[in-house]
file coords-v2.tsv (TSV, C-alpha atoms)
chain	number	residue	atom	x	y	z
N	1	MET	CA	130.03	100.37	75.37
N	2	GLU	CA	130.63	96.68	76.06
N	3	PHE	CA	127.76	94.23	75.97
N	4	LEU	CA	128.21	91.26	78.30
N	5	ARG	CA	125.90	88.26	77.91
N	6	PRO	CA	126.49	85.47	80.45
N	7	SER	CA	124.47	82.27	80.21
N	8	THR	CA	124.80	81.10	83.83
N	9	TRP	CA	124.53	82.74	87.24
N	10	ASP	CA	128.19	82.04	88.00
N	11	GLU	CA	129.19	83.68	84.73
N	12	ALA	CA	127.02	86.69	85.56
N	13	LEU	CA	128.63	87.10	88.98
N	14	ALA	CA	132.11	86.76	87.47
N	15	ALA	CA	131.30	89.36	84.83
N	16	LYS	CA	129.96	91.77	87.47
N	17	ALA	CA	133.09	91.29	89.57
N	18	GLU	CA	135.29	92.01	86.57
N	19	HIS	CA	133.13	94.93	85.39
N	20	PRO	CA	131.64	96.52	88.54
N	21	ASP	CA	130.42	99.52	86.50
N	22	ALA	CA	128.36	97.29	84.21
N	23	VAL	CA	124.61	97.98	84.45
N	24	PRO	CA	122.43	94.85	84.66
N	25	ILE	CA	119.65	94.62	82.11
N	26	ALA	CA	116.70	92.21	82.13
N	27	GLY	CA	113.49	93.89	80.99
N	28	GLY	CA	115.37	97.08	80.14
N	29	THR	CA	112.36	99.27	80.83
N	30	ASP	CA	114.41	101.81	82.82
N	31	ILE	CA	117.90	101.72	81.37
N	32	MET	CA	116.78	101.79	77.73
N	33	VAL	CA	114.85	105.01	78.33
N	34	GLU	CA	117.96	106.58	79.87
N	35	LEU	CA	120.09	105.39	76.95
N	36	ASN	CA	117.62	106.59	74.32
N	37	PHE	CA	117.51	110.07	75.87
N	38	ASP	CA	121.28	110.07	76.38
N	39	ARG	CA	120.88	110.58	80.12
N	40	ARG	CA	123.23	107.73	80.93
N	41	ARG	CA	126.08	106.06	79.12
N	42	PRO	CA	127.50	103.19	81.20
N	43	PRO	CA	130.74	101.56	80.14
N	44	ALA	CA	129.03	98.17	79.87
N	45	LEU	CA	125.64	96.47	79.91
N	46	LEU	CA	125.24	93.10	81.61
N	47	ASP	CA	122.43	91.21	79.87
N	48	LEU	CA	120.84	88.72	82.29
N	49	THR	CA	118.08	87.40	80.04
N	50	ARG	CA	119.91	84.11	79.35
N	51	VAL	CA	120.39	83.32	83.06
N	52	ALA	CA	117.47	80.91	83.39
N	53	PRO	CA	117.27	80.64	87.23
N	54	LEU	CA	116.46	84.34	87.45
N	55	ALA	CA	113.14	83.65	85.71
N	56	ASP	CA	112.10	80.92	88.17
N	57	TRP	CA	110.04	81.06	91.35
N	58	ALA	CA	109.39	78.42	94.01
N	59	THR	CA	108.06	77.98	97.53
N	60	ASP	CA	110.60	78.29	100.33
N	61	GLY	CA	108.85	77.18	103.51
N	62	ASP	CA	106.09	79.69	104.19
N	63	ARG	CA	107.67	82.13	101.75
N	64	LEU	CA	107.99	82.43	98.01
N	65	ARG	CA	111.41	82.85	96.43
N	66	ILE	CA	110.90	84.81	93.23
N	67	GLY	CA	113.73	85.24	90.78
N	68	ALA	CA	114.79	88.76	89.88
N	69	GLY	CA	113.86	88.11	86.26
N	70	VAL	CA	110.21	87.18	86.86
N	71	THR	CA	108.08	89.72	85.01
N	72	TYR	CA	105.17	91.75	86.30
N	73	ARG	CA	102.85	89.83	83.99
N	74	ARG	CA	103.87	86.54	85.58
N	75	ILE	CA	103.41	88.02	89.06
N	76	ILE	CA	99.83	88.85	88.07
N	77	ASP	CA	99.04	85.59	86.27
N	78	GLU	CA	100.93	83.04	88.37
N	79	LEU	CA	101.15	84.58	91.84
N	80	GLY	CA	98.14	86.88	92.14
N	81	GLY	CA	96.36	84.60	94.58
N	82	ARG	CA	99.39	84.21	96.86
N	83	LEU	CA	100.68	87.77	96.65
N	84	PRO	CA	97.58	89.89	96.04
N	85	GLY	CA	99.12	93.21	97.10
N	86	LEU	CA	102.12	92.81	94.81
N	87	ALA	CA	99.84	91.69	91.97
N	88	MET	CA	97.68	94.80	92.45
N	89	ALA	CA	100.78	96.97	92.22
N	90	ALA	CA	102.01	95.06	89.17
N	91	ARG	CA	98.74	95.78	87.36
N	92	THR	CA	99.43	99.52	87.66
N	93	VAL	CA	102.89	99.33	86.09
N	94	GLY	CA	103.17	100.95	82.68
N	95	SER	CA	101.44	99.33	79.73
N	96	PRO	CA	100.92	95.66	78.86
N	97	GLN	CA	104.18	95.77	76.91
N	98	ILE	CA	106.06	97.08	79.96
N	99	ARG	CA	104.46	94.48	82.24
N	100	ASN	CA	105.50	91.76	79.80
N	101	ARG	CA	109.15	92.89	80.00
N	102	GLY	CA	109.64	94.68	83.31
N	103	THR	CA	110.67	92.83	86.47
N	104	VAL	CA	110.41	93.38	90.22
N	105	GLY	CA	114.13	92.67	90.40
N	106	GLY	CA	114.76	95.58	88.06
N	107	ASN	CA	112.45	97.76	90.13
N	108	LEU	CA	114.50	96.94	93.22
N	109	GLY	CA	117.78	97.49	91.39
N	110	SER	CA	116.71	100.95	90.25
N	111	ALA	CA	115.86	101.77	93.90
N	112	SER	CA	113.50	104.56	92.90
N	113	PRO	CA	111.32	105.87	95.75
N	114	ALA	CA	108.43	105.71	93.27
N	115	GLY	CA	108.84	102.02	92.40
N	116	ASP	CA	105.36	100.47	92.40
N	117	ALA	CA	106.55	97.10	93.73
N	118	HIS	CA	108.25	98.55	96.78
N	119	PRO	CA	105.28	99.38	99.06
N	120	PRO	CA	103.78	95.84	98.90
N	121	LEU	CA	107.20	94.33	99.59
N	122	LEU	CA	107.63	96.61	102.60
N	123	ALA	CA	104.14	95.84	103.89
N	124	THR	CA	104.80	92.10	103.80
N	125	GLY	CA	108.30	92.12	105.29
N	126	ALA	CA	110.04	90.85	102.16
N	127	GLU	CA	113.77	90.28	101.83
N	128	VAL	CA	116.14	90.71	98.90
N	129	GLU	CA	118.65	87.98	98.08
N	130	VAL	CA	121.85	89.35	96.53
N	131	GLY	CA	124.90	87.51	95.32
N	132	SER	CA	128.49	88.06	94.26
N	133	VAL	CA	131.59	85.94	93.78
N	134	ARG	CA	132.07	86.50	97.52
N	135	GLY	CA	128.82	84.76	98.49
N	136	VAL	CA	125.12	85.28	99.07
N	137	ARG	CA	123.34	87.51	101.58
N	138	THR	CA	119.77	88.55	102.29
N	139	VAL	CA	118.69	92.08	103.15
N	140	ALA	CA	115.34	93.16	104.53
N	141	VAL	CA	113.53	95.38	102.04
N	142	ALA	CA	113.20	97.98	104.80
N	143	ASP	CA	117.02	98.17	104.92
N	144	PHE	CA	117.68	97.78	101.20
N	145	PHE	CA	117.11	101.39	100.12
N	146	GLN	CA	119.71	104.02	101.02
N	147	GLY	CA	118.36	107.09	99.22
N	148	PRO	CA	116.92	108.13	95.84
N	149	LYS	CA	118.10	105.47	93.38
N	150	ARG	CA	120.65	104.17	95.90
N	151	SER	CA	120.66	100.76	97.56
N	152	VAL	CA	122.94	98.62	99.70
N	153	LEU	CA	124.17	96.71	96.65
N	154	ALA	CA	127.96	96.60	96.44
N	155	PRO	CA	129.51	97.25	93.01
N	156	ASP	CA	130.10	93.53	92.45
N	157	GLU	CA	126.64	92.35	93.60
N	158	LEU	CA	123.55	91.35	91.63
N	159	ILE	CA	119.99	90.77	92.82
N	160	ALA	CA	119.20	87.07	92.60
N	161	ALA	CA	115.67	86.99	94.00
N	162	PHE	CA	113.30	88.38	96.55
N	163	LEU	CA	111.66	86.39	99.33
N	164	VAL	CA	108.16	87.29	100.40
N	165	PRO	CA	105.66	85.53	102.69
N	166	ALA	CA	102.55	84.19	101.04
N	167	ALA	CA	99.54	86.26	102.08
N	168	THR	CA	97.82	85.15	105.27
N	169	GLY	CA	95.16	87.84	105.05
N	170	PRO	CA	93.82	90.63	102.84
N	171	GLN	CA	96.20	93.00	101.09
N	172	GLN	CA	95.56	96.23	99.23
N	173	PHE	CA	97.50	98.67	97.06
N	174	ALA	CA	96.51	102.08	95.71
N	175	LYS	CA	98.31	104.96	94.07
N	176	VAL	CA	97.64	108.46	92.83
N	177	GLY	CA	98.96	109.57	89.45
N	178	THR	CA	98.55	112.47	87.08
N	179	ARG	CA	96.53	110.16	84.82
N	180	ASN	CA	95.05	106.66	85.05
N	181	ALA	CA	97.78	104.63	83.36
N	182	MET	CA	101.44	104.67	82.28
N	183	VAL	CA	102.41	107.19	84.92
N	184	ILE	CA	104.91	107.54	87.74
N	185	ALA	CA	103.07	107.61	91.06
N	186	VAL	CA	102.55	110.92	92.82
N	187	CYS	CA	102.26	108.72	95.90
N	188	SER	CA	101.29	105.12	96.64
N	189	PHE	CA	100.40	102.97	99.61
N	190	ALA	CA	100.14	99.28	100.45
N	191	VAL	CA	98.60	97.56	103.45
N	192	ALA	CA	98.70	93.91	104.51
N	193	LEU	CA	96.60	92.38	107.29
N	194	ASP	CA	97.79	89.28	109.16
N	195	PRO	CA	94.80	88.11	111.24
N	196	ALA	CA	96.77	85.25	112.83
N	197	ARG	CA	99.32	87.65	114.25
N	198	ARG	CA	96.83	90.48	114.55
N	199	SER	CA	99.22	92.80	112.76
N	200	ILE	CA	99.20	95.39	110.00
N	201	GLY	CA	102.00	95.92	107.50
N	202	THR	CA	102.38	99.17	105.55
N	203	GLY	CA	104.41	100.58	102.69
N	204	ILE	CA	104.57	104.15	101.34
N	205	GLY	CA	105.90	104.97	97.88
N	206	SER	CA	106.90	108.19	96.10
N	207	ALA	CA	106.69	110.29	99.26
N	208	GLY	CA	110.20	110.26	100.67
N	209	PRO	CA	113.83	109.70	99.69
N	210	THR	CA	113.16	105.96	100.00
N	211	PRO	CA	110.06	103.79	100.29
N	212	LEU	CA	108.82	104.01	103.88
N	213	ARG	CA	106.77	102.17	106.47
N	214	ALA	CA	104.13	103.89	108.59
N	215	THR	CA	105.09	102.25	111.87
N	216	ASP	CA	102.82	104.40	114.06
N	217	ALA	CA	99.87	103.45	111.86
N	218	GLU	CA	100.85	99.79	112.14
N	219	SER	CA	100.60	100.05	115.94
N	220	LEU	CA	96.83	100.63	115.58
N	221	ALA	CA	96.51	96.90	114.89
N	222	ALA	CA	95.99	96.48	118.63
N	223	GLU	CA	92.77	98.51	118.35
N	224	LEU	CA	91.17	96.53	115.53
N	225	PRO	CA	88.16	94.37	116.50
N	226	TRP	CA	89.81	91.09	115.49
N	227	ASP	CA	87.53	88.93	117.67
N	228	ASP	CA	84.10	89.95	116.42
N	229	ARG	CA	85.13	91.37	113.02
N	230	ALA	CA	82.92	94.38	113.59
N	231	PRO	CA	83.02	97.27	111.10
N	232	LEU	CA	85.90	99.65	111.72
N	233	PRO	CA	84.97	102.87	113.50
N	234	ASP	CA	85.31	105.92	111.29
N	235	ALA	CA	87.56	107.56	113.87
N	236	LEU	CA	89.99	104.64	113.77
N	237	VAL	CA	90.12	104.64	109.98
N	238	ARG	CA	90.69	108.40	109.97
N	239	ARG	CA	93.45	108.12	112.59
N	240	PHE	CA	95.15	105.38	110.60
N	241	GLY	CA	95.16	107.58	107.50
N	242	GLU	CA	96.50	110.56	109.45
N	243	LEU	CA	99.38	108.47	110.76
N	244	VAL	CA	100.15	107.22	107.24
N	245	GLY	CA	100.32	110.79	105.97
N	246	ALA	CA	102.46	111.85	108.93
N	247	ALA	CA	104.96	109.04	108.20
N	248	ALA	CA	105.70	110.42	104.72
N	249	ARG	CA	108.71	112.63	103.99
N	250	PRO	CA	107.66	114.16	100.68
N	251	ILE	CA	108.99	117.05	98.63
N	252	ASP	CA	107.42	119.47	96.18
N	253	ASP	CA	108.12	118.46	92.59
N	254	VAL	CA	106.53	118.53	89.14
N	255	ARG	CA	104.11	115.72	90.00
N	256	GLY	CA	102.71	117.17	93.23
N	257	SER	CA	103.36	119.20	96.34
N	258	ALA	CA	104.45	117.77	99.67
N	259	ALA	CA	101.18	118.88	101.26
N	260	TYR	CA	99.14	117.17	98.55
N	261	ARG	CA	101.09	113.94	98.94
N	262	ARG	CA	100.49	113.87	102.69
N	263	HIS	CA	96.77	114.51	102.19
N	264	ALA	CA	96.51	111.88	99.43
N	265	LEU	CA	98.31	109.30	101.54
N	266	ALA	CA	95.95	109.95	104.45
N	267	VAL	CA	93.03	109.24	102.11
N	268	LEU	CA	94.69	106.17	100.56
N	269	GLY	CA	95.63	104.83	103.98
N	270	GLY	CA	92.10	105.02	105.30
N	271	ARG	CA	90.56	103.60	102.14
N	272	THR	CA	92.91	100.64	101.80
N	273	LEU	CA	92.58	99.73	105.47
N	274	ARG	CA	88.79	99.74	105.19
N	275	TRP	CA	88.89	97.69	101.97
N	276	ALA	CA	91.21	95.13	103.52
N	277	TRP	CA	89.16	94.94	106.72
N	278	GLU	CA	85.91	94.43	104.83
N	279	GLU	CA	87.55	91.59	102.92
N	280	HIS	CA	88.63	90.10	106.26
N	281	ARG	CA	85.10	90.44	107.68
N	282	CYS	CA	83.59	88.61	104.70
N	283	ALA	CA	86.19	85.82	104.61
call {"tool": "encode", "arguments": {"input": "coords-v2.tsv", "output": "structure tokens"}}
result
Amino acid sequence: MEFLRPSTWDEALAAKAEHPDAVPIAGGTDIMVELNFDRRRPPALLDLTRVAPLADWATDGDRLRIGAGVTYRRIIDELGGRLPGLAMAARTVGSPQIRNRGTVGGNLGSASPAGDAHPPLLATGAEVEVGSVRGVRTVAVADFFQGPKRSVLAPDELIAAFLVPAATGPQQFAKVGTRNAMVIAVCSFAVALDPARRSIGTGIGSAGPTPLRATDAESLAAELPWDDRAPLPDALVRRFGELVGAAARPIDDVRGSAAYRRHALAVLGGRTLRWAWEEHRCA
């Protein structure tokens, strides 16, 4: 196995073009497990830890451009106030050691339907910036995933950053697991309220071949009492949860049945909407 260690972004792109089968490594929290258990043996590893721009973040208009190498811990500590939903999800990732090493860019690159960062990115309409020696392009997160652990990335492309709007209203994230910590989600859900636009964003994780939006549930934004900020009717909350569960495309597996996932998502959907709305009412 070759070990490639570029020190600049241009060198990284050139190495990926020359070695399209090389697997990028930043935090290494996914690939090292696969290597240790001999589940994967790529011909080359592309170490990106020396590519300094990948660890930077900056404002880009009304959005934040966050390098693919920014860790979960930094998302929590440095961006929690601007991206509360993503920070909530980051707090549920692994252990402190994993959060200190793991990155949202790596989560996107793995393209797992169970990735904890994916639902908040979907709910906020984030985009992924990818690059190659051929140029740079941006892809909506909703279009980025192609199937279980498959994305739109071409063999010569690397994730440079993701672009996500700073929160303009309350955001929430919740997940169900077989224990309280260090666990792959049985299912997860994120919601983002935008009072200015009177809209709801949603993201479903670990309940389909890719992360999903609950678009029918989002349409209930028109029925929310935005003007007087009254408490949400129980029937509306229940309907929202039902539509979230109906949007899922789960399977039965070792972590949970399809029926359980749909039920759990209905509960999570209703709870997170109510939590977010109560935060909006008290703002």
call {"tool": "residues_around", "arguments": {"input": "coords-v2.tsv", "residues": "region 81-83 of chain N", "least_positions_apart": "4", "cutoff": "8 Å", "atoms": "all atoms listed in the file", "output": "PDB file with C-alpha atoms, in the frame of the given file"}}
result
ATOM      1  CA  ALA N  87      99.840  91.690  91.970  1.00  0.00           C
ATOM      2  CA  ALA N 166     102.550  84.190 101.040  1.00  0.00           C
ATOM      3  CA  ALA N 167      99.540  86.260 102.080  1.00  0.00           C
TER       4      ALA N 167
END
call {"tool": "residues_around", "arguments": {"input": "coords-v2.tsv", "residues": "Gly135 (chain N)", "least_positions_apart": "4", "cutoff": "12 Å", "atoms": "only C-alpha atoms", "output": "list in words"}}
result
Asp10, Leu13, Ala14, Ala17, Glu129, Val130, Gly131, Asp156, Glu157, Leu158 and Ala160 of chain N
call {"tool": "closest_atom_pairs", "arguments": {"input": "coords-v2.tsv", "of": "region 153-230 of chain N", "to": "region 253-261 of chain N", "cutoff": "12 Å", "atoms": "only C-alpha atoms", "output": "tab-separated table"}}
result
residue	atom	partner	partner_atom	distance
N:Lys175	CA	N:Arg261	CA	10.6
N:Val176	CA	N:Arg261	CA	8.9
N:Gly177	CA	N:Arg255	CA	8.0
N:Thr178	CA	N:Arg255	CA	7.1
N:Arg179	CA	N:Arg255	CA	10.7
N:Val183	CA	N:Arg255	CA	10.1
N:Ile184	CA	N:Arg255	CA	8.5
N:Ala185	CA	N:Arg255	CA	8.2
N:Val186	CA	N:Arg255	CA	5.8
N:Cys187	CA	N:Arg261	CA	6.2
N:Ser188	CA	N:Arg261	CA	9.1
N:Phe189	CA	N:Arg261	CA	11.0
N:Ile204	CA	N:Arg261	CA	10.7
N:Gly205	CA	N:Arg261	CA	10.2
N:Ser206	CA	N:Arg261	CA	8.7
N:Ala207	CA	N:Arg261	CA	6.7
N:Gly208	CA	N:Ala258	CA	9.5
call {"tool": "residues_around", "arguments": {"input": "coords-v2.tsv", "residues": "Arg274 (chain N)", "least_positions_apart": "2", "cutoff": "12 Å", "atoms": "all atoms listed in the file", "output": "MDAnalysis selection string"}}
result
chainID N and resid 170:173 191:193 224 230:238 240:241 267:272 276:281
call {"tool": "write_last_selection", "arguments": {"input": "coords-v2.tsv", "atoms": "C-alpha atoms", "output": "compact mmCIF listing (two decimals), keeping the file's coordinate frame"}}
result
# COMPACT_ATOMS: atom_id res chain seq x y z
CA PRO N 170 93.82 90.63 102.84
CA GLN N 171 96.20 93.00 101.09
CA GLN N 172 95.56 96.23 99.23
CA PHE N 173 97.50 98.67 97.06
CA VAL N 191 98.60 97.56 103.45
CA ALA N 192 98.70 93.91 104.51
CA LEU N 193 96.60 92.38 107.29
CA LEU N 224 91.17 96.53 115.53
CA ALA N 230 82.92 94.38 113.59
CA PRO N 231 83.02 97.27 111.10
CA LEU N 232 85.90 99.65 111.72
CA PRO N 233 84.97 102.87 113.50
CA ASP N 234 85.31 105.92 111.29
CA ALA N 235 87.56 107.56 113.87
CA LEU N 236 89.99 104.64 113.77
CA VAL N 237 90.12 104.64 109.98
CA ARG N 238 90.69 108.40 109.97
CA PHE N 240 95.15 105.38 110.60
CA GLY N 241 95.16 107.58 107.50
CA VAL N 267 93.03 109.24 102.11
CA LEU N 268 94.69 106.17 100.56
CA GLY N 269 95.63 104.83 103.98
CA GLY N 270 92.10 105.02 105.30
CA ARG N 271 90.56 103.60 102.14
CA THR N 272 92.91 100.64 101.80
CA ALA N 276 91.21 95.13 103.52
CA TRP N 277 89.16 94.94 106.72
CA GLU N 278 85.91 94.43 104.83
CA GLU N 279 87.55 91.59 102.92
CA HIS N 280 88.63 90.10 106.26
CA ARG N 281 85.10 90.44 107.68
call {"tool": "residues_around", "arguments": {"input": "coords-v2.tsv", "residues": "Leu4 (chain N)", "least_positions_apart": "3", "cutoff": "8 Å", "atoms": "all atoms listed in the file", "output": "JSON, numbers by chain"}}
result
{"N": [15, 44, 45, 46, 47]}
call {"tool": "atom_distance", "arguments": {"input": "coords-v2.tsv", "atom1": "CA of Glu242 (chain N)", "atom2": "CA of Trp275 (chain N)"}}
result
16.7 Å
call {"tool": "closest_residue", "arguments": {"input": "coords-v2.tsv", "among": "N:Ile76, N:Arg63, N:Ile98, N:Val133", "to": "Glu11 (chain N)", "atoms": "all atoms listed in the file"}}
result
N:Val133
